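Engineer: Take a look at this one; I'll ask things after.
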Amino acid sequence: MKQIVELTVNGDPRELIVEEHRSLLDTLREEAGMTGTKKGCDVGDCGACTVLVEGQPVNACLMLAVEAHGKRIETVEGLQNGSDDLHPLQDAFMRHGASQCGFCTPGILMMARKLLEENPDPTDEEIRFGLSGNICRCTGYTKIFDAIRSAAQEMRKVRETEVTS
């Protein structure tokens, strides 16, 4: 049976018709065209499908689209503020070579965004804990940590500039 699901995806209201058993992940990728969110393990273990639902990280493969009805969803595509304005995390990941195959990157970026929103100056242990649900099979995490620390520093500078302006 199909059902209408109303979502706000990256600030844009969407009305989608989905099967009741359809995951939020499959709905975002196939009905909403948000292919940045990746399907990794499809059982909630790898974190590649992490999105923010009402500002909280969620494995989109474990949530039904109908459960997200009326909710605000942010995907990795929502990080960027326009076609040329990368989020500091995206910029830092590029500068530090923090992704290799890139499959885990969208989920890690979303978790890192939430982490830095709550803790603008995390320690390595706090970054490790913040990313604990995300698995990267390529990088060994060193460059990912470097990128998150760099983005955190840049974001703090921007906040300080905004406060003093």
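Just so we're on the same page: first chain in the structure tokens is A, next is B, and so on; residues restart at 1 for each chain, and ligands are numbered from 1 in the order they show up.
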DSSP on the backbone, then: every residue of chain A marked strand (DSSP E), written as a list in words.
Structural biologist: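 Selection result, strand (DSSP E) within chain A: Lys2, Gln3, Ile4, Val5, Glu6, Leu7, Thr8, Val9, Asp12, Pro13, Arg14, Glu15, Leu16, Ile17, Val18, Glu19, Thr50, Val51, Leu52, Val53, Gln56, Pro57, Val58, Asn59, Arg72, Ile73 and Glu74 of chain A.
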Engineer: Mind writing the picked residues with C-alpha atoms as a JSON list (two decimals), in the first residue's frame?
Structural biologist:
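File result39.json, as written:
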[["chain", "number", "residue", "atom", "x", "y", "z"],
["A", 2, "LYS", "CA", 1.25, 3.47, -0.86],
["A", 3, "GLN", "CA", 1.08, 6.53, 1.31],
["A", 4, "ILE", "CA", 1.79, 10.24, 0.90],
["A", 5, "VAL", "CA", 4.74, 11.39, 3.00],
["A", 6, "GLU", "CA", 5.45, 15.07, 3.48],
["A", 7, "LEU", "CA", 9.06, 15.92, 4.33],
["A", 8, "THR", "CA", 11.19, 19.01, 4.33],
["A", 9, "VAL", "CA", 14.46, 17.93, 2.72],
["A", 12, "ASP", "CA", 12.55, 22.23, 0.52],
["A", 13, "PRO", "CA", 9.06, 20.87, 1.22],
["A", 14, "ARG", "CA", 8.47, 17.56, -0.55],
["A", 15, "GLU", "CA", 5.40, 15.41, -0.97],
["A", 16, "LEU", "CA", 6.31, 11.86, -1.93],
["A", 17, "ILE", "CA", 4.24, 8.77, -2.56],
["A", 18, "VAL", "CA", 5.93, 5.75, -0.99],
["A", 19, "GLU", "CA", 5.27, 2.15, -0.06],
["A", 50, "THR", "CA", 23.43, 9.02, 8.24],
["A", 51, "VAL", "CA", 21.13, 12.02, 7.82],
["A", 52, "LEU", "CA", 19.81, 14.53, 10.34],
["A", 53, "VAL", "CA", 16.13, 14.17, 11.20],
["A", 56, "GLN", "CA", 19.41, 14.43, 15.20],
["A", 57, "PRO", "CA", 21.60, 11.85, 13.43],
["A", 58, "VAL", "CA", 19.65, 8.86, 12.13],
["A", 59, "ASN", "CA", 20.65, 5.84, 10.09],
["A", 72, "ARG", "CA", 12.81, 18.13, 8.69],
["A", 73, "ILE", "CA", 15.57, 16.07, 7.01],
["A", 74, "GLU", "CA", 19.07, 17.27, 6.21]]
Engineer: Which neighbours of A:Ala68 fall inside 8 Å, counting only C-alpha atoms, when residues of the same chain fewer than 2 positions from it are skipped, and could you give them as a JSON list (two decimals) with C-alpha atoms, in the first residue's frame?
Structural biologist:
[["chain", "number", "residue", "atom", "x", "y", "z"],
["A", 5, "VAL", "CA", 4.74, 11.39, 3.00],
["A", 7, "LEU", "CA", 9.06, 15.92, 4.33],
["A", 24, "LEU", "CA", 13.87, 6.73, 4.46],
["A", 53, "VAL", "CA", 16.13, 14.17, 11.20],
["A", 63, "MET", "CA", 13.87, 4.50, 9.56],
["A", 64, "LEU", "CA", 10.75, 4.07, 7.49],
["A", 65, "ALA", "CA", 9.84, 7.00, 5.27],
["A", 66, "VAL", "CA", 6.38, 7.08, 6.85],
["A", 70, "GLY", "CA", 6.17, 15.95, 8.72],
["A", 71, "LYS", "CA", 9.83, 16.03, 9.74]]
Engineer: List the neighbours of A:Leu116 out to 10 Å using only C-alpha atoms; skip same-chain residues closer than 2 positions along the sequence, and give me the result as a list in words.
Structural biologist: Leu89, Met111, Ala112, Arg113, Lys114, Glu118, Asn119, Pro120, Asp121, Pro122, Ile127, Gly130, Ile148, Arg149, Ala151, Ala152, Met155 and Arg156 of chain A
Engineer: Restricting it to N, CA and C atoms, dump the selection as a PDB file, in the first residue's frame.
Structural biologist:
ATOM      1  N   LEU A  89      33.367  21.835   6.663  1.00  0.00           N
ATOM      2  CA  LEU A  89      33.709  20.407   6.744  1.00  0.00           C
ATOM      3  C   LEU A  89      34.040  19.852   5.366  1.00  0.00           C
ATOM      4  N   MET A 111      27.588  13.369  10.693  1.00  0.00           N
ATOM      5  CA  MET A 111      27.893  13.171  12.124  1.00  0.00           C
ATOM      6  C   MET A 111      28.832  14.259  12.625  1.00  0.00           C
ATOM      7  N   ALA A 112      29.827  14.617  11.816  1.00  0.00           N
ATOM      8  CA  ALA A 112      30.773  15.662  12.213  1.00  0.00           C
ATOM      9  C   ALA A 112      30.064  17.009  12.327  1.00  0.00           C
ATOM     10  N   ARG A 113      29.124  17.277  11.442  1.00  0.00           N
ATOM     11  CA  ARG A 113      28.355  18.526  11.533  1.00  0.00           C
ATOM     12  C   ARG A 113      27.627  18.606  12.862  1.00  0.00           C
ATOM     13  N   LYS A 114      26.968  17.524  13.223  1.00  0.00           N
ATOM     14  CA  LYS A 114      26.233  17.500  14.497  1.00  0.00           C
ATOM     15  C   LYS A 114      27.202  17.637  15.674  1.00  0.00           C
ATOM     16  N   GLU A 118      27.312  20.823  18.468  1.00  0.00           N
ATOM     17  CA  GLU A 118      27.196  20.659  19.919  1.00  0.00           C
ATOM     18  C   GLU A 118      28.490  20.947  20.662  1.00  0.00           C
ATOM     19  N   ASN A 119      29.630  20.734  20.002  1.00  0.00           N
ATOM     20  CA  ASN A 119      30.929  20.887  20.642  1.00  0.00           C
ATOM     21  C   ASN A 119      31.893  21.510  19.634  1.00  0.00           C
ATOM     22  N   PRO A 120      32.034  22.833  19.647  1.00  0.00           N
ATOM     23  CA  PRO A 120      32.842  23.497  18.629  1.00  0.00           C
ATOM     24  C   PRO A 120      34.357  23.273  18.746  1.00  0.00           C
ATOM     25  N   ASP A 121      34.810  22.672  19.839  1.00  0.00           N
ATOM     26  CA  ASP A 121      36.243  22.428  20.014  1.00  0.00           C
ATOM     27  C   ASP A 121      36.468  21.036  20.611  1.00  0.00           C
ATOM     28  N   PRO A 122      36.137  19.989  19.828  1.00  0.00           N
ATOM     29  CA  PRO A 122      36.220  18.630  20.378  1.00  0.00           C
ATOM     30  C   PRO A 122      37.655  18.114  20.463  1.00  0.00           C
ATOM     31  N   ILE A 127      35.883  13.380  19.185  1.00  0.00           N
ATOM     32  CA  ILE A 127      35.654  13.112  17.759  1.00  0.00           C
ATOM     33  C   ILE A 127      35.472  11.610  17.554  1.00  0.00           C
ATOM     34  N   GLY A 130      32.126  10.708  18.746  1.00  0.00           N
ATOM     35  CA  GLY A 130      31.115  11.285  17.864  1.00  0.00           C
ATOM     36  C   GLY A 130      30.957  10.542  16.553  1.00  0.00           C
ATOM     37  N   ILE A 148      38.359  17.270  10.538  1.00  0.00           N
ATOM     38  CA  ILE A 148      37.353  17.734  11.500  1.00  0.00           C
ATOM     39  C   ILE A 148      37.946  18.782  12.425  1.00  0.00           C
ATOM     40  N   ARG A 149      39.174  18.559  12.896  1.00  0.00           N
ATOM     41  CA  ARG A 149      39.828  19.567  13.737  1.00  0.00           C
ATOM     42  C   ARG A 149      40.011  20.874  12.976  1.00  0.00           C
ATOM     43  N   ALA A 151      38.259  21.987  10.342  1.00  0.00           N
ATOM     44  CA  ALA A 151      36.944  22.613  10.135  1.00  0.00           C
ATOM     45  C   ALA A 151      36.455  23.258  11.425  1.00  0.00           C
ATOM     46  N   ALA A 152      36.669  22.595  12.549  1.00  0.00           N
ATOM     47  CA  ALA A 152      36.250  23.151  13.835  1.00  0.00           C
ATOM     48  C   ALA A 152      36.942  24.484  14.077  1.00  0.00           C
ATOM     49  N   MET A 155      35.450  27.109  11.761  1.00  0.00           N
ATOM     50  CA  MET A 155      34.100  27.481  12.186  1.00  0.00           C
ATOM     51  C   MET A 155      34.141  28.358  13.438  1.00  0.00           C
ATOM     52  N   ARG A 156      35.079  28.090  14.330  1.00  0.00           N
ATOM     53  CA  ARG A 156      35.227  28.946  15.523  1.00  0.00           C
ATOM     54  C   ARG A 156      35.652  30.349  15.115  1.00  0.00           C
TER      55      ARG A 156
END
Engineer: Quick one: distance from atom CA of A:Gly82 to atom CA of A:Ala147 in Å, one decimal?
Structural biologist: 21.2 Å
Engineer: Which value, in Å to one decimal, gives the distance between atom CA of A:Met1 and atom CA of A:Lys39?
Structural biologist: 23.6 Å
Engineer: For the helix (DSSP H, G or I) assignment from backbone DSSP, which residues of stretch 5-153 of chain A qualify? Please present them as a PyMOL selection string.
Structural biologist: chain A and resi 24-31+65-68+76-78+88-95+105-118+124-130+142-153
Engineer: Could you please determine the separation between atom CA of A:Leu62 and atom CA of A:Cys136 in Å, to one decimal place?
Structural biologist: 19.3 Å
Engineer: Give me, as a ChimeraX atom specification, all polymer residues having an atom no more than 10 Å from stretch 140-142 of chain A, counting only C-alpha atoms and skipping those fewer than 6 positions away in the same chain.
Structural biologist: /A:96,98-99,128,131
Engineer: Could you write out that same residue set with N, CA and C atoms as a CSV table (one decimal), in the first residue's frame?
Structural biologist:
chain,number,residue,atom,x,y,z
A,96,HIS,N,42.4,18.1,3.3
A,96,HIS,CA,43.2,17.1,4.0
A,96,HIS,C,43.2,15.7,3.4
A,98,ALA,N,40.7,13.6,3.2
A,98,ALA,CA,40.0,12.8,4.2
A,98,ALA,C,39.1,11.7,3.6
A,99,SER,N,38.9,11.7,2.4
A,99,SER,CA,38.1,10.6,1.8
A,99,SER,C,38.9,10.0,0.6
A,128,ARG,N,36.3,10.8,18.2
A,128,ARG,CA,36.2,9.4,18.0
A,128,ARG,C,34.9,8.9,18.5
A,131,LEU,N,32.0,9.9,16.1
A,131,LEU,CA,32.0,9.2,14.8
A,131,LEU,C,31.9,7.7,15.0
Engineer: Quick one: of A:Cys49, A:Leu28, A:Val163, A:Leu79, who's nearest to A:Gly133, counting only C-alpha atoms?
Structural biologist: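 Among the listed residues, the smallest separation from A:Gly133 belongs to A:Cys49.
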Engineer: Name the closest residue to A:Gln90 among the candidates A:Glu54, A:Glu77, A:Glu162, A:Glu67; distances are taken between atoms, counting only C-alpha atoms.
Structural biologist: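 Looking at the shortest contact to A:Gln90, the residue is A:Glu77.
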Engineer: A:Cys104: which residues within 8 Å, counting only C-alpha atoms, same-chain residues fewer than 2 positions away excluded, as a ChimeraX atom specification?
Structural biologist: /A:38,46-48,101-102,106-108,134-136
Engineer: Suppose we keep N, CA and C atoms; can you now write the selection as a JSON list (two decimals), in the first residue's frame?
Structural biologist:
[["chain", "number", "residue", "atom", "x", "y", "z"],
["A", 38, "LYS", "N", 24.38, 7.44, 1.14],
["A", 38, "LYS", "CA", 24.78, 6.15, 0.58],
["A", 38, "LYS", "C", 24.16, 4.97, 1.31],
["A", 46, "CYS", "N", 27.06, 0.65, 9.51],
["A", 46, "CYS", "CA", 28.21, 1.37, 8.93],
["A", 46, "CYS", "C", 28.11, 2.89, 9.00],
["A", 47, "GLY", "N", 26.91, 3.46, 9.07],
["A", 47, "GLY", "CA", 26.75, 4.90, 9.17],
["A", 47, "GLY", "C", 26.79, 5.66, 7.86],
["A", 48, "ALA", "N", 26.98, 4.98, 6.73],
["A", 48, "ALA", "CA", 27.06, 5.67, 5.44],
["A", 48, "ALA", "C", 25.78, 6.41, 5.10],
["A", 101, "CYS", "N", 37.65, 6.43, -1.14],
["A", 101, "CYS", "CA", 36.58, 5.98, -2.03],
["A", 101, "CYS", "C", 35.37, 6.90, -1.91],
["A", 102, "GLY", "N", 35.19, 7.55, -0.76],
["A", 102, "GLY", "CA", 34.12, 8.51, -0.56],
["A", 102, "GLY", "C", 32.79, 7.93, -0.13],
["A", 106, "PRO", "N", 29.65, 10.93, 3.19],
["A", 106, "PRO", "CA", 28.43, 11.66, 3.52],
["A", 106, "PRO", "C", 27.95, 11.44, 4.95],
["A", 107, "GLY", "N", 27.97, 10.21, 5.40],
["A", 107, "GLY", "CA", 27.54, 9.92, 6.77],
["A", 107, "GLY", "C", 28.47, 10.53, 7.80],
["A", 108, "ILE", "N", 29.77, 10.46, 7.53],
["A", 108, "ILE", "CA", 30.74, 11.05, 8.46],
["A", 108, "ILE", "C", 30.59, 12.56, 8.50],
["A", 134, "ASN", "N", 30.19, 5.32, 12.57],
["A", 134, "ASN", "CA", 30.55, 5.43, 11.16],
["A", 134, "ASN", "C", 31.84, 4.66, 10.89],
["A", 135, "ILE", "N", 31.78, 3.82, 9.88],
["A", 135, "ILE", "CA", 32.94, 2.99, 9.54],
["A", 135, "ILE", "C", 33.53, 3.46, 8.22],
["A", 136, "CYS", "N", 34.85, 3.66, 8.23],
["A", 136, "CYS", "CA", 35.60, 3.96, 7.01],
["A", 136, "CYS", "C", 36.55, 2.79, 6.79]]
Engineer: Looking at A:Ile144, A:Val76, A:Ala60, A:Cys138, which one is nearest to A:Met34, with distances taken over only C-alpha atoms?
Structural biologist: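 Under the stated criterion, the closest residue is A:Val76.
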Engineer: Taking only C-alpha atoms into account, which of A:Glu117, A:Asp26, A:Asp146, A:Asp42 comes nearest A:Arg95?
Structural biologist: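 Ranked by minimum distance to A:Arg95, first place goes to A:Asp146.
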